[in-house]
Amino acid sequence: MQLGPLRLSDLAVGVSAVNLFGAVAYDTQNENFSMDIKIGGSARFAEVVLAALDLHLSGATHVGVVYSPVPTLNLRLGMISRDGLSLTAGVGVNVEGFLIDYAFVSDNLGGTHRVSLTLDFSSLDIRALSNLFRRILP
C-alpha cells in the first residue's frame, strides 16, 4: 500500500513507558525517577533517509534524521527540546556485526561526546562457529 511516495512498510509507530516503577531501592538509599510515556514515529524516504519524532508526555521532544549513503555508514542530525534546546550530530559504522557509534550532544555546559560499541550476533554463522570449536577442542 502506498501513501504518496511512502510505502506502508516505510512507516513505524511505537509507544514506550520509561521508568515504569519509578524508583530503585538500595540498602540505605532510594533513587526516585519520574515515569514518562513516549510516543514516536519514523518514516524512511528513498531507502537512504530515516526521519524520526518522539513526543514525551513530560513535554520533551526528540527529532532526528539519519542519512545512510551506504549500508555500513549512518550520518545523524537531531534536536532535543527539554529544558532548553540541544543539537546532536553523530556517525555510525557497521562492519561485520560490530557497530561503532559516535555522537556529540550540545547542552548548557558545552557538549557531551558519546561513544558506543554494539556487537550484533544475528548474522553470526553458528554452524561455522561450532565446526571451529570442534577443531580446537579435544
# chains A, B, ... in the order shown; residues from 1 in each chain; ligands from 1
call {"tool": "select_by_dssp", "arguments": {"residues": "range 1-134 of chain A", "states": "strand (DSSP E or B)", "output": "ChimeraX atom specification"}}
result
/A:2-3,6-7,11-18,23-25,30-32,36-45,49-56,61-70,73-81,85-95,98-107,110-119
call {"tool": "residues_around", "arguments": {"residues": "range 11-18 of chain A", "least_positions_apart": "3", "cutoff": "6 Å", "atoms": "only C-alpha atoms", "output": "PDB file with N, CA and C atoms, in the first residue's frame"}}
result
ATOM      1  N   LEU A   8       3.751   1.566   3.077  1.00  0.00           N
ATOM      2  CA  LEU A   8       3.369   1.333   4.461  1.00  0.00           C
ATOM      3  C   LEU A   8       4.507   0.701   5.260  1.00  0.00           C
ATOM      4  N   MET A  35       8.177   8.800  36.076  1.00  0.00           N
ATOM      5  CA  MET A  35       7.701   7.961  34.983  1.00  0.00           C
ATOM      6  C   MET A  35       7.310   8.846  33.806  1.00  0.00           C
ATOM      7  N   ASP A  36       7.490   8.320  32.616  1.00  0.00           N
ATOM      8  CA  ASP A  36       7.154   9.066  31.403  1.00  0.00           C
ATOM      9  C   ASP A  36       6.661   8.085  30.351  1.00  0.00           C
ATOM     10  N   ILE A  37       5.834   8.565  29.480  1.00  0.00           N
ATOM     11  CA  ILE A  37       5.350   7.795  28.328  1.00  0.00           C
ATOM     12  C   ILE A  37       5.867   8.480  27.076  1.00  0.00           C
ATOM     13  N   LYS A  38       6.460   7.702  26.173  1.00  0.00           N
ATOM     14  CA  LYS A  38       6.955   8.239  24.905  1.00  0.00           C
ATOM     15  C   LYS A  38       6.127   7.670  23.759  1.00  0.00           C
ATOM     16  N   ILE A  39       5.764   8.538  22.831  1.00  0.00           N
ATOM     17  CA  ILE A  39       5.063   8.149  21.613  1.00  0.00           C
ATOM     18  C   ILE A  39       5.948   8.589  20.454  1.00  0.00           C
ATOM     19  N   GLY A  40       6.238   7.676  19.550  1.00  0.00           N
ATOM     20  CA  GLY A  40       7.155   8.020  18.477  1.00  0.00           C
ATOM     21  C   GLY A  40       6.737   7.458  17.146  1.00  0.00           C
ATOM     22  N   GLY A  41       7.351   8.016  16.126  1.00  0.00           N
ATOM     23  CA  GLY A  41       7.103   7.533  14.778  1.00  0.00           C
ATOM     24  C   GLY A  41       8.302   7.807  13.903  1.00  0.00           C
ATOM     25  N   SER A  42       8.408   7.030  12.827  1.00  0.00           N
ATOM     26  CA  SER A  42       9.502   7.241  11.880  1.00  0.00           C
ATOM     27  C   SER A  42       9.024   6.932  10.473  1.00  0.00           C
ATOM     28  N   ALA A  43       9.719   7.508   9.512  1.00  0.00           N
ATOM     29  CA  ALA A  43       9.426   7.267   8.103  1.00  0.00           C
ATOM     30  C   ALA A  43      10.744   7.187   7.347  1.00  0.00           C
TER      31      ALA A  43
END
call {"tool": "closest_atom_pairs", "arguments": {"of": "range 60-103 of chain A", "to": "range 120-129 of chain A", "cutoff": "8 Å", "atoms": "only C-alpha atoms", "output": "JSON lines"}}
result
{"residue": "A:Gly97", "atom": "CA", "partner": "A:Asp120", "partner_atom": "CA", "distance": 4.7}
{"residue": "A:Phe98", "atom": "CA", "partner": "A:Asp120", "partner_atom": "CA", "distance": 6.4}
{"residue": "A:Leu99", "atom": "CA", "partner": "A:Asp120", "partner_atom": "CA", "distance": 7.5}
call {"tool": "atom_distance", "arguments": {"atom1": "CA of Thr112 in chain A", "atom2": "CA of His56 in chain A"}}
result
22.0 Å
call {"tool": "residues_around", "arguments": {"residues": "range 73-83 of chain A", "least_positions_apart": "2", "cutoff": "12 Å", "atoms": "only C-alpha atoms", "output": "PyMOL selection string"}}
result
chain A and resi 48-71+85-95+98-108
call {"tool": "select_by_dssp", "arguments": {"residues": "chain A", "states": "helix (DSSP H, G or I)", "output": "number ranges by chain"}}
result
A: 8-10, 126-136
call {"tool": "write_last_selection", "arguments": {"atoms": "C-alpha atoms", "output": "compact mmCIF listing (two decimals), in the first residue's frame"}}
result
# COMPACT_ATOMS: atom_id res chain seq x y z
CA LEU A 8 3.37 1.33 4.46
CA SER A 9 6.49 -0.72 5.29
CA ASP A 10 8.49 2.55 5.42
CA ILE A 126 26.53 -20.81 14.29
CA ARG A 127 27.40 -23.87 12.19
CA ALA A 128 30.79 -22.45 11.21
CA LEU A 129 31.44 -21.48 14.81
CA SER A 130 30.63 -24.99 16.09
CA ASN A 131 32.93 -26.53 13.44
CA LEU A 132 35.71 -24.21 14.60
CA PHE A 133 35.25 -25.28 18.23
CA ARG A 134 35.28 -28.97 17.22
CA ARG A 135 38.67 -28.49 15.60
CA ILE A 136 40.08 -26.58 18.58
